[in-house]
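As provided, start20.cif (mmCIF, C-alpha atoms and all ligand atoms) reads as follows.
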data_start
#
loop_
_atom_site.label_atom_id
_atom_site.label_comp_id
_atom_site.auth_asym_id
_atom_site.auth_seq_id
_atom_site.Cartn_x
_atom_site.Cartn_y
_atom_site.Cartn_z
CA MET A 207 -14.06 -11.26 -20.19
CA PRO A 208 -12.22 -8.60 -22.19
CA ASP A 209 -9.07 -8.67 -20.02
CA ALA A 210 -8.52 -12.42 -20.40
CA SER A 211 -6.99 -14.20 -23.38
CA PRO A 212 -7.22 -17.82 -24.56
CA ALA A 213 -4.25 -20.07 -23.71
CA LYS A 214 -3.62 -20.54 -27.45
CA TRP A 215 -3.20 -16.79 -27.86
CA HIS A 216 -0.75 -16.62 -24.93
CA LEU A 217 1.30 -19.43 -26.52
CA ALA A 218 1.35 -17.70 -29.92
CA HIS A 219 2.05 -14.25 -28.47
CA THR A 220 5.02 -15.33 -26.30
CA THR A 221 6.41 -17.06 -29.42
CA TRP A 222 5.79 -13.88 -31.41
CA PHE A 223 7.79 -11.91 -28.82
CA PHE A 224 10.96 -13.92 -29.57
CA GLU A 225 10.32 -13.70 -33.30
CA THR A 226 9.70 -9.95 -33.31
CA PHE A 227 12.28 -8.71 -30.82
CA VAL A 228 15.06 -11.31 -31.20
CA LEU A 229 14.90 -13.12 -34.56
CA PHE A 230 13.94 -10.18 -36.78
CA GLU A 231 16.59 -8.08 -35.05
CA CYS A 232 19.46 -10.58 -34.72
CA MET A 233 19.17 -12.96 -37.71
CA GLU A 234 20.09 -11.32 -40.98
CA ASP A 235 18.37 -13.80 -43.25
CA TYR A 236 15.39 -14.54 -40.98
CA ARG A 237 12.26 -15.55 -42.88
CA PRO A 238 9.06 -15.35 -40.83
CA PHE A 239 6.88 -18.43 -40.29
CA GLN A 240 3.89 -16.47 -41.58
CA ALA A 241 4.23 -12.74 -42.25
CA GLU A 242 0.67 -11.94 -41.05
CA PHE A 243 1.46 -13.19 -37.53
CA ARG A 244 3.47 -10.01 -36.95
CA ASN A 245 0.22 -8.13 -36.52
CA LEU A 246 -2.03 -11.00 -35.48
CA PHE A 247 -0.15 -11.80 -32.26
CA ASN A 248 1.00 -8.28 -31.41
CA SER A 249 -0.45 -7.33 -28.02
CA TYR A 250 0.07 -3.59 -27.68
CA TYR A 251 3.30 -2.46 -29.39
CA ASN A 252 2.43 0.51 -31.59
CA ALA A 253 5.97 0.62 -32.99
CA VAL A 254 5.47 -2.93 -34.37
CA GLY A 255 2.16 -2.14 -36.05
CA ASP A 256 -1.53 -2.87 -35.97
CA ARG A 257 -3.21 -5.76 -34.07
CA PRO A 258 -6.67 -7.23 -33.47
CA LEU A 259 -8.70 -5.77 -30.61
CA ARG A 260 -7.82 -7.39 -27.31
CA ALA A 261 -11.45 -8.18 -26.52
CA LEU A 262 -11.68 -10.15 -29.79
CA ARG A 263 -8.78 -12.52 -29.17
CA HIS A 264 -11.19 -15.30 -28.29
CA ILE A 265 -12.68 -15.36 -31.80
CA LEU A 266 -9.34 -16.25 -33.43
CA SER A 267 -10.31 -19.86 -34.08
CA ARG A 268 -7.65 -19.90 -36.80
CA PRO A 269 -4.71 -20.53 -36.79
CA SER A 270 -5.52 -23.83 -35.09
CA LEU A 271 -3.67 -25.02 -32.01
CA ASN A 272 -1.65 -27.39 -34.26
CA GLU A 273 -0.58 -24.45 -36.41
CA VAL A 274 0.39 -22.45 -33.32
CA HIS A 275 2.48 -25.40 -32.11
CA ALA A 276 4.14 -25.56 -35.55
CA TYR A 277 4.87 -21.82 -35.25
CA ARG A 278 6.36 -22.45 -31.82
CA ASP A 279 8.57 -25.29 -33.15
CA TYR A 280 9.77 -23.07 -36.00
CA ILE A 281 10.70 -20.23 -33.61
CA ASP A 282 12.32 -22.63 -31.12
CA GLU A 283 14.55 -23.98 -33.88
CA ALA A 284 15.53 -20.49 -35.03
CA MET A 285 16.22 -19.46 -31.41
CA VAL A 286 18.51 -22.49 -30.91
CA HIS A 287 20.34 -21.41 -34.07
CA VAL A 288 20.68 -17.80 -32.82
CA LEU A 289 21.82 -18.91 -29.37
CA SER A 290 24.57 -21.09 -30.85
CA ASP A 291 26.38 -17.91 -31.95
CA GLU A 292 28.01 -15.27 -29.81
CA LEU A 293 25.27 -12.77 -29.00
CA SER A 294 25.64 -9.06 -28.38
CA PRO A 295 24.76 -7.87 -24.86
CA GLU A 296 21.69 -6.17 -26.36
CA ALA A 297 20.51 -9.46 -27.87
CA VAL A 298 21.12 -11.32 -24.60
CA ALA A 299 19.02 -8.69 -22.82
CA LEU A 300 16.16 -9.20 -25.30
CA VAL A 301 16.26 -13.01 -24.96
CA THR A 302 16.17 -12.62 -21.16
CA LEU A 303 13.27 -10.18 -21.45
CA GLY A 304 11.47 -12.72 -23.66
CA ILE A 305 11.88 -15.45 -21.02
CA ASN A 306 10.58 -13.19 -18.25
CA HIS A 307 7.74 -12.04 -20.51
CA GLU A 308 6.80 -15.68 -21.05
CA GLN A 309 6.72 -16.28 -17.29
CA GLN A 310 4.26 -13.40 -16.94
CA HIS A 311 2.00 -14.90 -19.59
CA GLN A 312 2.21 -18.34 -17.97
CA GLU A 313 0.78 -16.76 -14.82
CA LEU A 314 -1.93 -15.07 -16.89
CA ILE A 315 -2.84 -18.45 -18.42
CA VAL A 316 -3.68 -19.74 -14.92
CA THR A 317 -5.88 -16.76 -14.04
CA ASP A 318 -7.47 -16.56 -17.50
CA VAL A 319 -8.29 -20.28 -17.55
CA LYS A 320 -9.75 -19.97 -14.05
CA ASN A 321 -11.96 -17.07 -15.17
CA GLY A 322 -13.01 -18.85 -18.36
CA LEU A 323 -14.02 -22.06 -16.58
CA TRP A 324 -15.86 -20.11 -13.87
CA ALA A 325 -17.85 -18.25 -16.55
CA ASN A 326 -19.36 -21.62 -17.52
CA PRO A 327 -22.52 -22.09 -15.38
CA LEU A 328 -21.41 -25.68 -14.64
CA ARG A 329 -18.38 -24.17 -12.83
CA PRO A 330 -16.16 -27.03 -14.06
CA PRO A 331 -12.93 -27.52 -12.08
CA TYR A 332 -9.54 -27.11 -13.77
CA ARG A 333 -8.33 -30.20 -11.93
CA ALA A 334 -9.69 -32.79 -9.50
CA LEU A 335 -10.02 -31.97 -5.82
CA GLU A 336 -6.79 -32.54 -3.92
CA ASP A 337 -6.62 -33.98 -0.45
CA ARG A 338 -4.91 -31.11 1.30
CA LYS A 339 -3.48 -31.26 4.79
CA VAL A 340 -4.47 -27.69 5.49
CA GLY A 341 -8.22 -27.91 5.50
CA ALA A 342 -11.28 -26.13 6.75
CA HIS A 343 -10.34 -26.75 10.37
CA ALA A 344 -6.91 -25.15 10.34
CA ARG A 345 -6.10 -22.69 13.09
CA VAL A 346 -6.40 -18.99 12.27
CA LEU A 347 -3.22 -17.23 13.31
CA PRO A 348 -4.13 -14.02 15.12
CA LEU A 349 -3.11 -10.87 13.30
CA ALA A 350 -0.12 -9.07 14.81
CA TRP A 351 1.51 -5.78 13.89
CA ARG A 352 5.18 -5.48 12.95
CA ASP A 353 6.89 -2.15 13.49
CA PHE A 354 9.32 -0.56 11.04
CA ALA A 355 11.43 2.44 11.90
CA GLY A 356 11.16 4.08 8.49
CA GLY A 357 13.79 6.68 7.64
CA MET A 358 15.62 6.90 4.35
CA GLN A 359 15.14 3.76 2.26
CA SER A 360 16.88 2.76 -0.93
CA ILE A 361 14.09 1.67 -3.30
CA GLY A 362 14.32 -0.16 -6.61
CA ALA A 363 16.67 -2.52 -8.43
CA GLU A 364 20.20 -1.79 -9.58
CA GLY A 365 23.14 -3.70 -11.07
CA ARG A 366 23.81 -6.17 -13.86
CA ASP A 367 23.98 -9.45 -11.94
CA PHE A 368 20.30 -10.32 -12.24
CA PHE A 369 17.32 -9.50 -14.41
CA TYR A 370 14.77 -6.86 -13.48
CA PHE A 371 12.20 -4.93 -15.50
CA ASP A 372 12.88 -1.33 -16.48
CA ASN A 373 10.05 -0.12 -14.19
CA GLU A 374 11.97 -1.40 -11.11
CA GLY A 375 14.62 1.26 -11.54
CA PRO A 376 16.43 3.51 -11.20
CA ARG A 377 17.21 2.86 -7.54
CA HIS A 378 16.52 5.98 -5.50
CA ASP A 379 16.01 7.17 -1.94
CA VAL A 380 12.56 7.47 -0.38
CA TYR A 381 11.95 8.83 3.11
CA LEU A 382 9.43 6.83 5.17
CA GLU A 383 7.69 7.76 8.41
CA PRO A 384 7.61 4.94 10.97
CA TYR A 385 4.97 2.38 9.95
CA ARG A 386 3.44 -0.99 10.77
CA LEU A 387 2.50 -3.93 8.60
CA ALA A 388 0.11 -6.75 9.42
CA SER A 389 1.99 -9.98 10.07
CA ARG A 390 -0.14 -11.86 7.52
CA LEU A 391 -2.70 -11.34 4.77
CA THR A 392 -6.33 -10.51 5.56
CA THR A 393 -8.36 -13.71 5.97
CA ASN A 394 -11.76 -14.65 4.57
CA ALA A 395 -13.10 -14.57 8.15
CA GLU A 396 -12.01 -10.95 8.57
CA TYR A 397 -13.39 -9.96 5.18
CA LEU A 398 -16.69 -11.67 5.94
CA GLU A 399 -17.02 -9.49 9.06
CA PHE A 400 -16.74 -6.46 6.78
CA MET A 401 -19.45 -7.94 4.52
CA ARG A 402 -21.72 -8.75 7.48
CA ASP A 403 -21.29 -5.18 8.70
CA ALA A 404 -22.80 -4.07 5.35
CA GLY A 405 -19.38 -2.89 4.13
CA TYR A 406 -20.57 -3.00 0.52
CA GLY A 407 -23.47 -0.72 1.38
CA LYS A 408 -21.69 2.08 3.25
CA ALA A 409 -20.66 4.85 0.89
CA GLU A 410 -18.45 6.47 3.52
CA LEU A 411 -16.02 3.54 3.34
CA TRP A 412 -15.42 3.82 -0.38
CA LEU A 413 -13.47 6.00 -2.77
CA SER A 414 -15.83 7.74 -5.18
CA ASP A 415 -14.75 5.61 -8.15
CA GLY A 416 -14.95 2.51 -5.96
CA TRP A 417 -18.50 3.31 -4.85
CA ASP A 418 -19.54 3.79 -8.50
CA CYS A 419 -17.88 0.48 -9.33
CA VAL A 420 -19.68 -1.35 -6.49
CA ARG A 421 -23.06 0.04 -7.54
CA ASN A 422 -22.63 -0.32 -11.30
CA ASN A 423 -21.48 -3.93 -10.98
CA GLN A 424 -23.71 -4.76 -7.99
CA TRP A 425 -20.73 -6.15 -6.09
CA THR A 426 -21.62 -7.73 -2.74
CA ALA A 427 -18.64 -10.09 -2.32
CA PRO A 428 -15.24 -10.90 -3.87
CA LEU A 429 -15.17 -12.27 -7.40
CA TYR A 430 -16.05 -16.01 -7.63
CA TRP A 431 -18.07 -15.97 -4.36
CA GLU A 432 -21.68 -17.15 -4.30
CA GLN A 433 -24.13 -18.05 -1.56
CA ARG A 434 -25.52 -21.59 -1.35
CA ASP A 435 -28.06 -22.33 1.38
CA GLY A 436 -26.85 -19.38 3.40
CA GLU A 437 -23.17 -20.39 3.21
CA TRP A 438 -20.50 -18.68 1.14
CA TRP A 439 -18.81 -20.80 -1.53
CA HIS A 440 -16.21 -19.75 -4.04
CA TYR A 441 -14.82 -21.00 -7.30
CA THR A 442 -11.27 -22.37 -7.05
CA ILE A 443 -8.99 -24.15 -9.47
CA GLU A 444 -10.54 -27.33 -8.05
CA GLY A 445 -14.12 -26.14 -8.60
CA MET A 446 -16.68 -24.75 -6.14
CA LYS A 447 -15.79 -25.10 -2.43
CA PRO A 448 -17.02 -23.62 0.83
CA VAL A 449 -14.97 -20.52 1.65
CA ALA A 450 -12.30 -21.55 4.19
CA MET A 451 -12.24 -18.90 6.89
CA GLU A 452 -8.52 -19.17 7.68
CA GLU A 453 -7.41 -18.64 4.08
CA PRO A 454 -6.50 -15.19 2.74
CA VAL A 455 -9.31 -13.34 0.99
CA CYS A 456 -8.63 -13.41 -2.73
CA HIS A 457 -9.92 -11.84 -5.97
CA VAL A 458 -10.69 -8.43 -4.51
CA SER A 459 -10.18 -5.15 -6.34
CA TYR A 460 -8.11 -2.22 -5.11
CA TYR A 461 -11.38 -0.50 -4.26
CA GLU A 462 -12.41 -3.38 -2.00
CA ALA A 463 -8.96 -3.60 -0.41
CA ASP A 464 -9.03 0.13 0.29
CA ALA A 465 -12.60 0.09 1.69
CA PHE A 466 -11.85 -2.93 3.88
CA ALA A 467 -8.74 -1.23 5.27
CA ARG A 468 -10.73 1.93 6.07
CA TRP A 469 -13.43 -0.16 7.79
CA ALA A 470 -10.70 -1.92 9.80
CA GLY A 471 -9.26 1.42 10.96
CA ALA A 472 -6.11 0.85 8.93
CA ARG A 473 -4.82 1.52 5.42
CA LEU A 474 -2.83 -0.18 2.67
CA ALA A 475 0.97 0.06 2.63
CA THR A 476 2.69 2.20 0.05
CA GLU A 477 4.83 0.19 -2.34
CA PHE A 478 7.90 1.73 -0.67
CA GLU A 479 6.85 0.60 2.80
CA TRP A 480 6.19 -2.87 1.41
CA GLU A 481 9.60 -3.03 -0.30
CA GLY A 482 11.42 -1.73 2.77
CA ALA A 483 9.90 -4.56 4.81
CA ALA A 484 10.23 -7.27 2.15
CA ARG A 485 13.94 -6.78 1.67
CA SER A 486 14.67 -8.79 4.82
CA CYS A 487 12.27 -11.62 3.88
CA PRO A 488 13.47 -14.72 2.01
CA VAL A 489 11.92 -15.05 -1.45
CA GLU A 490 9.93 -18.16 -0.63
CA GLY A 491 6.34 -19.07 0.07
CA ASN A 492 3.29 -20.48 -1.66
CA LEU A 493 4.51 -19.71 -5.17
CA LEU A 494 3.79 -21.63 -8.39
CA GLU A 495 6.16 -24.45 -7.40
CA THR A 496 3.92 -25.64 -4.53
CA GLY A 497 1.33 -26.57 -7.16
CA ALA A 498 -1.49 -25.30 -4.92
CA LEU A 499 -2.68 -22.58 -7.36
CA HIS A 500 -4.64 -21.27 -4.39
CA PRO A 501 -3.66 -19.08 -1.41
CA ARG A 502 -2.96 -20.93 1.85
CA ALA A 503 -3.59 -19.99 5.45
CA ALA A 504 -0.66 -18.39 7.28
CA GLU A 505 0.95 -20.93 9.55
CA SER A 506 4.67 -20.30 9.84
CA GLY A 507 4.54 -17.99 12.85
CA GLU A 508 7.32 -15.84 11.38
CA ALA A 509 7.35 -12.12 12.00
CA LEU A 510 6.14 -11.32 8.49
CA MET A 511 4.27 -14.09 6.72
CA GLN A 512 3.10 -14.45 3.12
CA MET A 513 5.15 -11.53 1.80
CA PHE A 514 6.07 -13.64 -1.25
CA GLY A 515 3.54 -15.89 -2.91
CA ASP A 516 -0.09 -16.63 -1.99
CA LEU A 517 -1.48 -13.32 -3.30
CA TRP A 518 -0.34 -10.15 -4.98
CA GLU A 519 -0.81 -7.41 -2.39
CA TRP A 520 -2.55 -4.20 -3.41
CA THR A 521 -0.54 -1.17 -2.33
CA ALA A 522 -1.71 2.40 -1.87
CA SER A 523 0.75 3.51 -4.57
CA ALA A 524 -0.23 4.65 -8.02
CA TYR A 525 1.90 3.03 -10.71
CA LEU A 526 4.29 5.85 -11.60
CA PRO A 527 7.81 6.10 -13.03
CA TYR A 528 10.64 6.28 -10.51
CA PRO A 529 12.74 9.48 -10.70
CA ASN A 530 14.87 9.51 -13.87
CA PHE A 531 13.07 6.48 -15.32
CA LYS A 532 13.87 6.00 -19.00
CA PRO A 533 12.14 3.30 -21.03
CA ALA A 534 14.35 1.21 -23.30
CA ALA A 535 14.86 2.45 -26.85
CA GLY A 536 12.68 0.98 -29.61
CA ALA A 537 9.46 -1.00 -29.45
CA VAL A 538 10.31 -2.83 -26.17
CA GLY A 539 10.26 0.61 -24.52
CA GLU A 540 6.47 0.18 -24.68
CA TYR A 541 6.68 -2.83 -22.35
CA ASN A 542 5.98 -1.02 -19.05
CA GLY A 543 6.35 2.74 -19.28
CA LYS A 544 3.27 3.62 -21.28
CA PHE A 545 0.96 2.04 -18.69
CA MET A 546 1.92 4.44 -15.92
CA CYS A 547 -1.53 5.99 -15.59
CA ASN A 548 -4.72 4.86 -13.81
CA GLN A 549 -3.20 1.70 -12.33
CA MET A 550 -2.14 0.67 -8.83
CA VAL A 551 0.99 -1.25 -7.83
CA LEU A 552 0.81 -4.78 -6.42
CA ARG A 553 3.74 -6.51 -4.75
CA GLY A 554 4.99 -9.93 -3.74
CA GLY A 555 3.80 -12.45 -6.35
CA SER A 556 1.09 -15.06 -6.00
CA CYS A 557 0.46 -18.81 -5.95
CA ALA A 558 0.69 -18.61 -9.77
CA THR A 559 4.06 -16.79 -9.88
CA PRO A 560 7.26 -18.82 -10.42
CA GLN A 561 9.85 -18.39 -7.67
CA SER A 562 12.54 -17.36 -10.17
CA HIS A 563 10.31 -14.50 -11.34
CA ILE A 564 9.63 -12.58 -8.14
CA ARG A 565 11.79 -10.32 -5.95
CA ALA A 566 11.41 -7.51 -3.43
CA THR A 567 11.66 -4.78 -6.09
CA TYR A 568 9.11 -6.34 -8.50
CA ARG A 569 6.23 -4.03 -9.44
CA ASN A 570 3.06 -5.53 -10.82
CA PHE A 571 0.22 -3.21 -11.80
CA PHE A 572 -3.49 -3.43 -12.57
CA PRO A 573 -6.40 -1.01 -12.83
CA PRO A 574 -8.16 -0.52 -9.46
CA HIS A 575 -11.29 -2.46 -10.53
CA ALA A 576 -9.40 -5.62 -11.61
CA ARG A 577 -10.18 -8.75 -9.59
CA TRP A 578 -9.35 -11.81 -11.67
CA GLN A 579 -5.68 -12.02 -10.72
CA PHE A 580 -4.72 -13.65 -7.41
CA MET A 581 -5.00 -10.35 -5.48
CA GLY A 582 -5.35 -9.83 -1.74
CA ILE A 583 -4.98 -7.47 1.20
CA ARG A 584 -2.30 -6.75 3.81
CA LEU A 585 -3.17 -4.01 6.27
CA ALA A 586 -0.76 -1.24 7.27
CA ASN A 587 -0.85 1.62 9.70
CA GLY A 588 1.13 4.48 11.15
CA ASN A 589 3.36 3.57 14.04
FE FE B 601 2.87 -9.82 -23.67
#
Entire entry expressed as structure tokens:
Amino acid sequence: MPDASPAKWHLAHTTWFFETFVLFECMEDYRPFQAEFRNLFNSYYNAVGDRPLRALRHILSRPSLNEVHAYRDYIDEAMVHVLSDELSPEAVALVTLGINHEQQHQELIVTDVKNGLWANPLRPPYRALEDRKVGAHARVLPLAWRDFAGGMQSIGAEGRDFFYFDNEGPRHDVYLEPYRLASRLTTNAEYLEFMRDAGYGKAELWLSDGWDCVRNNQWTAPLYWEQRDGEWWHYTIEGMKPVAMEEPVCHVSYYEADAFARWAGARLATEFEWEGAARSCPVEGNLLETGALHPRAAESGEALMQMFGDLWEWTASAYLPYPNFKPAAGAVGEYNGKFMCNQMVLRGGSCATPQSHIRATYRNFFPPHARWQFMGIRLANGN
């Protein structure tokens, strides 16, 4: 799968990030572990130089995992040395960016490993089946609508007290009409109704690009779903399981989220509506720390459930720069800004996102056909 990378590459690349953007910049006499790694483990930074094609990362059988671990040890030691000195604010910012970058790749390891194991016809599990309290017989909480007054909203991150990515700022005002959000994520049961109503076969429900995508890829269900003896099963981190109806539908593209919303007589929230609502929600939920690595059924009964964790929520917003956005100077300016075309914004983090990584202003982004991340649907509507 051309979008996924081997875990060994993620480990080497996150190491490379500290070497390239911190050690080369901050250590006068820094000698690289191996000079060729500068290009080998570069992901997409044109200012740093050339790199292997992304789709070919899986053929890098050398350096071996042992060599990558040795590279990691070498960089760790150099980083400890650098951190023992007084660092400039610019260097501190780069180290912090490197840590947050590594968290992003840790999440990608989960989704890439899941995709890689699923691609094996044996559908081997990542880990043994857990005895979970919330099982196939859990109650489905009815969907309710939560009203928001709209008006002028302050959107985006600001200040120096906490880390945020450059694409989360500058903070600016956005005017919102009154709107409603669904109290929880869309469930498998609701999505199955859409499938049973021939949702994948009705062109009028789909955006033009989405309809092409459905037909070209012969999509009839979310990624990882397959029918066994008339029942829907799906691949999870614990292997193949019957689809649990009360759980949120997962691994759908923007096109599917958009078509489902249209079928349901609703729409997706804009990223600004989502952020306006999320600001009053505590940053807690089924995040990486629960260890579930799978979305869970809504059960809290709170006004707005599952805003953080469980699944990244597709929004109706194209990934664009906020007014007066300026990427950082130098190569790290390529981190976010140059991807602001042909991608949609997702909000809220997933069951593979660490709690310390997510916040109300966080903007994730993927192309509208992407499905292998933990992505789901929350409906919205006018008030
Ligand atoms: Fe990266």
Quiz item: Quick one: distance from CA of Trp417 (chain A) to CA of Ala463 (chain A) in Å, one decimal?
Solution: 12.6 Å
Ligand FE 601 (chain B): which residues are within 9 Å, counting all atoms listed in the file, as a compact mmCIF listing (two decimals) with C-alpha atoms, in the frame of the given file?
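So the final result, stored in selection_29.txt, reads:
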# COMPACT_ATOMS: atom_id res chain seq x y z
CA HIS A 216 -0.75 -16.62 -24.93
CA HIS A 219 2.05 -14.25 -28.47
CA THR A 220 5.02 -15.33 -26.30
CA PHE A 223 7.79 -11.91 -28.82
CA ASN A 248 1.00 -8.28 -31.41
CA SER A 249 -0.45 -7.33 -28.02
CA TYR A 250 0.07 -3.59 -27.68
CA HIS A 307 7.74 -12.04 -20.51
CA GLU A 308 6.80 -15.68 -21.05
CA GLN A 310 4.26 -13.40 -16.94
CA HIS A 311 2.00 -14.90 -19.59
CA TYR A 541 6.68 -2.83 -22.35
Self-check item: Straight-line distance linking CA of Trp324 (chain A) with CA of Ile305 (chain A), stated in Å to one decimal
Solution: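 For CA of Trp324 (chain A) relative to CA of Ile305 (chain A), the distance reads 29.0 Å.
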Quick one: what's the axis-aligned box for region 414-433 of chain A, all listed atoms, 5 Å on every side, centre and edges in Å to one decimal, as lines of an AutoDock Vina configuration file?
center_x = -19.4
center_y = -5.2
center_z = -6.4
size_x = 19.4
size_y = 35.8
size_z = 19.7
Quiz item: Interatomic distance between CA of Thr521 (chain A) and CA of Met550 (chain A)?
Solution: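 We find that CA of Thr521 (chain A) and CA of Met550 (chain A) lie 6.9 Å from each other.
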Quiz item: Hey, what's within 9 Å of Cys456 (chain A) if we count all atoms listed in the file and toss same-chain stuff fewer than 4 positions away? As a VMD selection string, please?
Solution: chain A and resid 393 to 394 428 to 429 500 to 501 517 577 579 to 583
Go ahead and save the residues from that selection, with C-alpha atoms, as a compact mmCIF listing (two decimals), in the coordinates of the input.
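File written: part_21.txt
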# COMPACT_ATOMS: atom_id res chain seq x y z
CA THR A 393 -8.36 -13.71 5.97
CA ASN A 394 -11.76 -14.65 4.57
CA PRO A 428 -15.24 -10.90 -3.87
CA LEU A 429 -15.17 -12.27 -7.40
CA HIS A 500 -4.64 -21.27 -4.39
CA PRO A 501 -3.66 -19.08 -1.41
CA LEU A 517 -1.48 -13.32 -3.30
CA ARG A 577 -10.18 -8.75 -9.59
CA GLN A 579 -5.68 -12.02 -10.72
CA PHE A 580 -4.72 -13.65 -7.41
CA MET A 581 -5.00 -10.35 -5.48
CA GLY A 582 -5.35 -9.83 -1.74
CA ILE A 583 -4.98 -7.47 1.20
Practice problem: Name the residues in contact with Asp256 (chain A) at a cut-off of 9 Å, using all atoms listed in the file, excluding same-chain residues fewer than 4 positions from it; report them as a ChimeraX atom specification. | Solution: /A:244-246,248,250-252
Quiz item: With only C-alpha atoms as the basis for distance, which of A:Gly515, A:Ala576, A:Glu453, A:Asp279 is at the shortest distance from Glu495 (chain A)?
Solution: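 For Glu495 (chain A), the nearest of the candidates is A:Gly515.
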Exercise. Show which residues sit within 10 Å of Ala297 (chain A), as a PyMOL selection string. Count all atoms listed in the file, and ignore same-chain residues fewer than 5 positions away.
Key: chain A and resi 227-229+231-232+288-289+292+302-303
Self-check item: Among listed residues A:Val420, A:Ala470, A:Ala363, A:Leu347, nearest Glu452 (chain A) (using all atoms listed in the file)
Solution: A:Leu347
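Residue nearest Glu477 (chain A) within the list A:Met233, A:Leu585, A:Ala522, A:Ala299: A:Ala522 [criterion: smallest interatomic distance, all atoms listed in the file].
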Quiz item: Looking at A:Asn373, A:Thr426, A:Ser360, A:Ser523, which one is nearest to Phe400 (chain A), with distances taken over only C-alpha atoms?
Solution: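 Closest candidate: A:Thr426.
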Practice problem: Name the residues in contact with Ala325 (chain A) at a cut-off of 12 Å, using all atoms listed in the file, excluding same-chain residues fewer than 3 positions from it; report them as a PyMOL selection string. | Solution: chain A and resi 207+210+318-322+328-331+429-430+441+445+578
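Counting all atoms listed in the file and comparing A:Gly375, A:Leu335, A:Leu300, A:Phe478, the residue that lies closest to Met358 (chain A) is A:Phe478.
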Quiz prompt | Distance criterion (all atoms listed in the file): nearest to Met513 (chain A) out of A:Arg390, A:Arg468, A:His563, A:Lys544 | solution =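 The shortest atom-to-atom distance to Met513 (chain A) comes from A:Arg390.
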Self-check item: Residue neighbourhood Ala467 (chain A), 10 Å, only C-alpha atoms, exclusion window fewer than 5 positions, as an MDAnalysis selection string
Solution: chainID A and resid 392 397 400 411 461:462 472:474 583:587
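Around the coordinate (5.4, -24.3, -30.7), residues that reach within 12 Å when counting all atoms listed in the file are Lys214, Trp215, His216, Leu217, Ala218, His219, Thr220, Thr221, Trp222, Phe224, Glu225, Phe239, Ser270, Leu271, Asn272, Glu273, Val274, His275, Ala276, Tyr277, Arg278, Asp279, Tyr280, Ile281, Asp282, Glu283, Ala284 and Met285 of chain A.
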